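Q: Pasting a structure here, questions to come.
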Amino acid sequence: MARSNLAGKGPSMISVMLLFGLLLASLDTTGAQIGVCYGMNGNLPPAQEVIDLYNQRGIRRMRLYDPNQDALRALAGTNIELMLGLPNSDLERIASSQTNANAWVQRNVRSFGNVRFRYIAVGNEVRPFDSYAQFLVPAMKNIRNALYSAGLGNIKVSTAIDYGVIEDDSSPPSKGTFRGDHRPFLDPIIRFLLNNQAPLLVNLYPYLSYTGNSEDIRLDYALFTAPSALVPDPPLNYQNLFDAILDTVYAALEKSGGGSLDIVVSESGWPTAGGTGTSVDNARIYNNNLVQHVKRGTPKRPGKPIETYIFSMFDENYKNPELEKHWGLFLPNKQPKYNINLR
């Protein structure tokens, strides 16, 4: 159709410039699917130096786990889009009072008008049996109301779950279902996201699935390096564990009335030391393959880029056990642990 409209006409300079601009925007959208999580549980550089490193490496999205004021100030005026976390420890306080939620948004969002907020992640990996689980959805609602009241309704509110919410007998991916005892907790979250056209955040770790069942899961399947499909799920086939996990969650959402939701992979990565299958080489292979793979989608949703955040920017030496210290792309001195193309 576009070709016939242009046939026989010389393109004007304006139309050429417009087309070029749209092409650049399209390229930026495709190439900007990767973010990196900025955890702070270590002896790390000052926030301004960290934000400078994001900019130097062309990282255009960040996940921040709490509203660290130094980091928010350093982000001001940059092109980095932010997923800002509201910690689990604040859920009860925010859920109990709209005034508290309004104050949180005023202090941590509205006060930073030149920061590009993309999401507020209310809670992280909350489970239904946690003492604060009852406060999660009320807190999400209060933060959403506070954002709308502040004229910031474009910022989406969500929460991050992990793969532990999936029933054990969920293979192949089309059999994916949420655990029955989690449904009373998850269903209100799904309804909230549907009503507000917000994505579900999922912390997705093929590494953890591999180490939890290394007798049955091949390392190359976890690292995106298997030469051919290993898991049939007619009419689909799975050549890597990342796709299988993500499509399992999509299948569970479909069975729970949330089939129209998008998923943002809010954490994924591979450690360089501290456990089974850890090495600099495996981390390099996994994360480089991850960056390229998420541009293409999954078998269940082919061609749809997957917004993904690598965990994490730095090794965090204050964490325990040992495995938790070694997920960084960079050492605390800002030196890369291995070569990675983040675009």
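Note on naming: chains are A, B, ... as they come in the structure tokens, residues start from 1 per chain, ligands start from 1 in the order shown.
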List every residue of range 127-266 of chain A that DSSP, applied to the backbone of this structure, assigns to strand (DSSP E), and report them as number ranges by chain.

A: A: 156-162, 200-203, 231-233, 236-238, 263-266

Q: Would you mind exporting the chosen residues as a compact mmCIF listing (two decimals), in the first residue's frame, restricted to N, CA and C atoms?

A:
```txt
# COMPACT_ATOMS: atom_id res chain seq x y z
N LYS A 156 4.01 3.03 34.79
CA LYS A 156 3.28 1.80 35.10
C LYS A 156 3.70 1.23 36.45
N VAL A 157 2.74 0.65 37.15
CA VAL A 157 2.98 0.03 38.45
C VAL A 157 2.85 -1.47 38.31
N SER A 158 3.84 -2.21 38.82
CA SER A 158 3.79 -3.66 38.76
C SER A 158 4.51 -4.23 39.97
N THR A 159 4.74 -5.54 39.94
CA THR A 159 5.51 -6.22 40.98
C THR A 159 6.27 -7.36 40.33
N ALA A 160 7.37 -7.79 40.95
CA ALA A 160 8.22 -8.83 40.38
C ALA A 160 7.98 -10.15 41.10
N ILE A 161 7.71 -11.19 40.31
CA ILE A 161 7.58 -12.54 40.85
C ILE A 161 8.77 -13.37 40.39
N ASP A 162 8.95 -14.55 41.00
CA ASP A 162 9.97 -15.46 40.52
C ASP A 162 9.32 -16.77 40.08
N LEU A 200 3.60 -7.79 33.71
CA LEU A 200 4.06 -8.55 34.87
C LEU A 200 5.58 -8.60 34.82
N LEU A 201 6.23 -8.35 35.94
CA LEU A 201 7.68 -8.45 36.05
C LEU A 201 8.04 -9.85 36.55
N VAL A 202 8.97 -10.49 35.87
CA VAL A 202 9.38 -11.85 36.23
C VAL A 202 10.90 -11.91 36.35
N ASN A 203 11.40 -12.33 37.52
CA ASN A 203 12.82 -12.61 37.71
C ASN A 203 13.07 -14.03 37.21
N VAL A 231 13.41 -29.73 23.64
CA VAL A 231 12.12 -29.95 24.30
C VAL A 231 11.00 -29.74 23.30
N PRO A 232 10.35 -30.82 22.87
CA PRO A 232 9.20 -30.66 21.97
C PRO A 232 7.94 -30.30 22.75
N ASP A 233 7.16 -29.41 22.19
CA ASP A 233 5.89 -29.01 22.77
C ASP A 233 4.97 -28.66 21.59
N LEU A 236 5.24 -26.37 18.87
CA LEU A 236 6.45 -25.59 19.14
C LEU A 236 7.59 -26.50 19.60
N ASN A 237 8.81 -25.96 19.50
CA ASN A 237 9.99 -26.66 19.98
C ASN A 237 10.89 -25.66 20.70
N TYR A 238 11.61 -26.17 21.72
CA TYR A 238 12.42 -25.28 22.55
C TYR A 238 13.89 -25.68 22.50
N ILE A 263 5.11 -9.67 29.58
CA ILE A 263 6.06 -9.95 30.65
C ILE A 263 7.33 -9.16 30.39
N VAL A 264 7.81 -8.51 31.43
CA VAL A 264 9.14 -7.90 31.42
C VAL A 264 10.03 -8.77 32.29
N VAL A 265 11.15 -9.21 31.75
CA VAL A 265 12.10 -10.01 32.53
C VAL A 265 12.92 -9.03 33.37
N SER A 266 12.55 -8.95 34.64
CA SER A 266 13.10 -7.91 35.51
C SER A 266 14.44 -8.29 36.12
```

Q: What residues in range 125-217 of chain A get the DSSP label alpha helix (DSSP H)? Please answer as a PyMOL selection string.

A: chain A and resi 136-149+183-196+206-212

Q: Restrict the selected residues to C-alpha atoms and save them as a PDB file, in the first residue's frame.

A:
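What landed in selection-v4.pdb:
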```
ATOM      1  CA  LEU A 136       1.165  -5.946  48.229  1.00  0.00           C
ATOM      2  CA  VAL A 137      -1.891  -5.207  46.071  1.00  0.00           C
ATOM      3  CA  PRO A 138      -3.184  -2.409  48.348  1.00  0.00           C
ATOM      4  CA  ALA A 139       0.266  -0.814  48.125  1.00  0.00           C
ATOM      5  CA  MET A 140       0.230  -1.157  44.336  1.00  0.00           C
ATOM      6  CA  LYS A 141      -3.177   0.516  44.204  1.00  0.00           C
ATOM      7  CA  ASN A 142      -2.118   3.377  46.461  1.00  0.00           C
ATOM      8  CA  ILE A 143       1.038   4.033  44.435  1.00  0.00           C
ATOM      9  CA  ARG A 144      -0.965   3.990  41.213  1.00  0.00           C
ATOM     10  CA  ASN A 145      -3.474   6.461  42.701  1.00  0.00           C
ATOM     11  CA  ALA A 146      -0.633   8.681  43.889  1.00  0.00           C
ATOM     12  CA  LEU A 147       0.948   8.704  40.437  1.00  0.00           C
ATOM     13  CA  TYR A 148      -2.339   9.636  38.782  1.00  0.00           C
ATOM     14  CA  SER A 149      -2.954  12.387  41.310  1.00  0.00           C
ATOM     15  CA  ARG A 183      -3.737 -18.342  43.128  1.00  0.00           C
ATOM     16  CA  PRO A 184      -5.596 -16.328  45.820  1.00  0.00           C
ATOM     17  CA  PHE A 185      -2.465 -14.168  46.020  1.00  0.00           C
ATOM     18  CA  LEU A 186      -1.693 -13.961  42.298  1.00  0.00           C
ATOM     19  CA  ASP A 187      -5.185 -13.455  40.870  1.00  0.00           C
ATOM     20  CA  PRO A 188      -5.636  -9.933  42.337  1.00  0.00           C
ATOM     21  CA  ILE A 189      -2.196  -8.988  40.980  1.00  0.00           C
ATOM     22  CA  ILE A 190      -3.201 -10.190  37.513  1.00  0.00           C
ATOM     23  CA  ARG A 191      -6.489  -8.258  37.679  1.00  0.00           C
ATOM     24  CA  PHE A 192      -4.648  -5.102  38.738  1.00  0.00           C
ATOM     25  CA  LEU A 193      -2.184  -5.398  35.849  1.00  0.00           C
ATOM     26  CA  LEU A 194      -4.968  -6.043  33.345  1.00  0.00           C
ATOM     27  CA  ASN A 195      -6.980  -3.074  34.569  1.00  0.00           C
ATOM     28  CA  ASN A 196      -3.957  -0.799  34.318  1.00  0.00           C
ATOM     29  CA  PRO A 206      17.882 -20.463  33.821  1.00  0.00           C
ATOM     30  CA  TYR A 207      20.996 -20.787  36.002  1.00  0.00           C
ATOM     31  CA  LEU A 208      18.893 -21.636  39.058  1.00  0.00           C
ATOM     32  CA  SER A 209      16.737 -24.104  37.124  1.00  0.00           C
ATOM     33  CA  TYR A 210      19.858 -25.749  35.725  1.00  0.00           C
ATOM     34  CA  THR A 211      21.615 -26.107  39.083  1.00  0.00           C
ATOM     35  CA  GLY A 212      18.421 -27.348  40.693  1.00  0.00           C
TER      36      GLY A 212
END
```

Q: What's around Gly113 in chain A at 12 Å? Count only C-alpha atoms, leave out sequence neighbours fewer than 3 positions away in its own chain, and write the answer as a list in words.

A: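 After dropping sequence-adjacent residues, the list is Leu72, Arg73, Leu75, Ala76, Gly77, Thr78, Val105, Gln106, Arg107, Asn108, Val109, Arg110, Arg116, Phe117, Ala150, Gly151 and Leu152 of chain A.
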
Q: Mind writing the picked residues with N, CA and C atoms as a short mmCIF file (atom, residue, chain, number, x, y, z; two decimals), in the first residue's frame?

A:
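Okay, this is what ended up in part_16.cif:
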```cif
data_model
loop_
_atom_site.label_atom_id
_atom_site.label_comp_id
_atom_site.auth_asym_id
_atom_site.auth_seq_id
_atom_site.Cartn_x
_atom_site.Cartn_y
_atom_site.Cartn_z
N LEU A 72 19.14 8.74 42.19
CA LEU A 72 18.10 9.50 41.48
C LEU A 72 18.64 10.85 41.03
N ARG A 73 19.42 11.50 41.88
CA ARG A 73 20.01 12.78 41.48
C ARG A 73 20.97 12.59 40.30
N LEU A 75 20.81 10.35 38.01
CA LEU A 75 20.05 9.99 36.80
C LEU A 75 19.41 11.20 36.14
N ALA A 76 19.27 12.28 36.87
CA ALA A 76 18.57 13.45 36.37
C ALA A 76 19.21 13.95 35.08
N GLY A 77 18.38 14.15 34.08
CA GLY A 77 18.85 14.69 32.81
C GLY A 77 19.49 13.68 31.87
N THR A 78 19.56 12.43 32.27
CA THR A 78 20.10 11.39 31.39
C THR A 78 18.96 10.79 30.56
N VAL A 105 5.57 9.04 46.53
CA VAL A 105 5.65 9.47 45.13
C VAL A 105 6.20 10.89 45.03
N GLN A 106 5.76 11.76 45.92
CA GLN A 106 6.24 13.14 45.90
C GLN A 106 7.75 13.19 46.12
N ARG A 107 8.23 12.45 47.12
CA ARG A 107 9.64 12.50 47.49
C ARG A 107 10.53 11.82 46.47
N ASN A 108 10.08 10.69 45.93
CA ASN A 108 10.97 9.83 45.15
C ASN A 108 10.72 9.85 43.65
N VAL A 109 9.61 10.42 43.22
CA VAL A 109 9.29 10.45 41.79
C VAL A 109 9.07 11.89 41.32
N ARG A 110 8.06 12.53 41.89
CA ARG A 110 7.72 13.87 41.41
C ARG A 110 8.85 14.87 41.63
N ARG A 116 13.72 9.73 33.92
CA ARG A 116 12.79 9.04 33.03
C ARG A 116 12.27 7.76 33.70
N PHE A 117 11.28 7.92 34.56
CA PHE A 117 10.68 6.77 35.25
C PHE A 117 9.85 5.96 34.25
N ALA A 150 -0.62 12.90 40.83
CA ALA A 150 0.52 13.77 40.55
C ALA A 150 0.68 14.04 39.06
N GLY A 151 -0.25 13.55 38.24
CA GLY A 151 -0.14 13.74 36.80
C GLY A 151 0.90 12.86 36.15
N LEU A 152 1.20 11.72 36.79
CA LEU A 152 2.25 10.81 36.31
C LEU A 152 1.69 9.43 35.97
#
```

Q: List as a list in words the protein and nucleic acid residues near His182 in chain A, meaning an atom at most 10 Å away when only C-alpha atoms are counted, but skip any in the same chain fewer than 2 places from it.

A: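 The neighbour list is Arg127, Pro128, Phe129, Gly164, Val165, Ile166, Glu167, Phe178, Arg179, Gly180, Pro184, Phe185, Leu186 and Asp187 of chain A.
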
Q: Could you tell me how far CA of Gly269 in chain A sits from CA of Glu307 in chain A, in Å to one decimal place?

A: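 Here the two named atoms are 13.9 Å from each other.
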
Q: Determine the nearest neighbour of Lys304 in chain A from the options A:Leu342, A:Gln33, A:Gly123, A:Gln69, counting only C-alpha atoms.

A: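 Smallest separation from Lys304 in chain A among the options: A:Gln33.
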
Q: Of the candidates A:Ile34, A:Gly259, A:Leu44, A:Pro227, which one gets nearest to Tyr309 in chain A if we count only C-alpha atoms?

A: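 When distances to Tyr309 in chain A are compared using only C-alpha atoms, the smallest one comes from A:Ile34.
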
Q: Closest to Ala251 in chain A among A:Ala133, A:Arg301, A:Asn79, A:Asn317, using only C-alpha atoms?

A: A:Arg301

Q: Find the residues around Met83 in chain A up to 6 Å (only C-alpha atoms counted), leave out those fewer than 4 positions away in its own chain, and share them as a list in words.

A: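 Listed by chain and then number, they are Arg63, Arg118, Tyr119 and Ile120 of chain A.
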
Q: Give me a file of those residues, with N, CA and C atoms, as a PDB file, in the first residue's frame.

A:
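To be explicit, this is the file written out as result38.pdb:
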```
ATOM      1  N   ARG A  63      17.333  -0.954  36.541  1.00  0.00           N
ATOM      2  CA  ARG A  63      16.462  -1.300  37.662  1.00  0.00           C
ATOM      3  C   ARG A  63      17.165  -0.908  38.950  1.00  0.00           C
ATOM      4  N   ARG A 118      10.072   4.657  34.249  1.00  0.00           N
ATOM      5  CA  ARG A 118       9.330   3.753  33.360  1.00  0.00           C
ATOM      6  C   ARG A 118       8.339   2.896  34.145  1.00  0.00           C
ATOM      7  N   TYR A 119       8.805   2.329  35.248  1.00  0.00           N
ATOM      8  CA  TYR A 119       7.955   1.499  36.112  1.00  0.00           C
ATOM      9  C   TYR A 119       8.247   1.810  37.573  1.00  0.00           C
ATOM     10  N   ILE A 120       7.240   1.588  38.413  1.00  0.00           N
ATOM     11  CA  ILE A 120       7.455   1.431  39.851  1.00  0.00           C
ATOM     12  C   ILE A 120       7.213  -0.045  40.157  1.00  0.00           C
TER      13      ILE A 120
END
```

Q: Report as a Markdown table the residues of range 162-253 of chain A within 7 Å of range 279-300 of chain A, each with its shortest atom pair and distance in Å (one decimal), using only C-alpha atoms, ordered by chain and increasing residue number.

A:
```
| residue | atom | partner | partner_atom | distance |
| --- | --- | --- | --- | --- |
| A:Leu223 | CA | A:Tyr286 | CA | 4.9 |
| A:Phe224 | CA | A:Asn289 | CA | 6.4 |
| A:Leu236 | CA | A:Pro299 | CA | 6.3 |
| A:Asp243 | CA | A:Thr298 | CA | 5.4 |
| A:Asp247 | CA | A:Lys300 | CA | 6.2 |
```
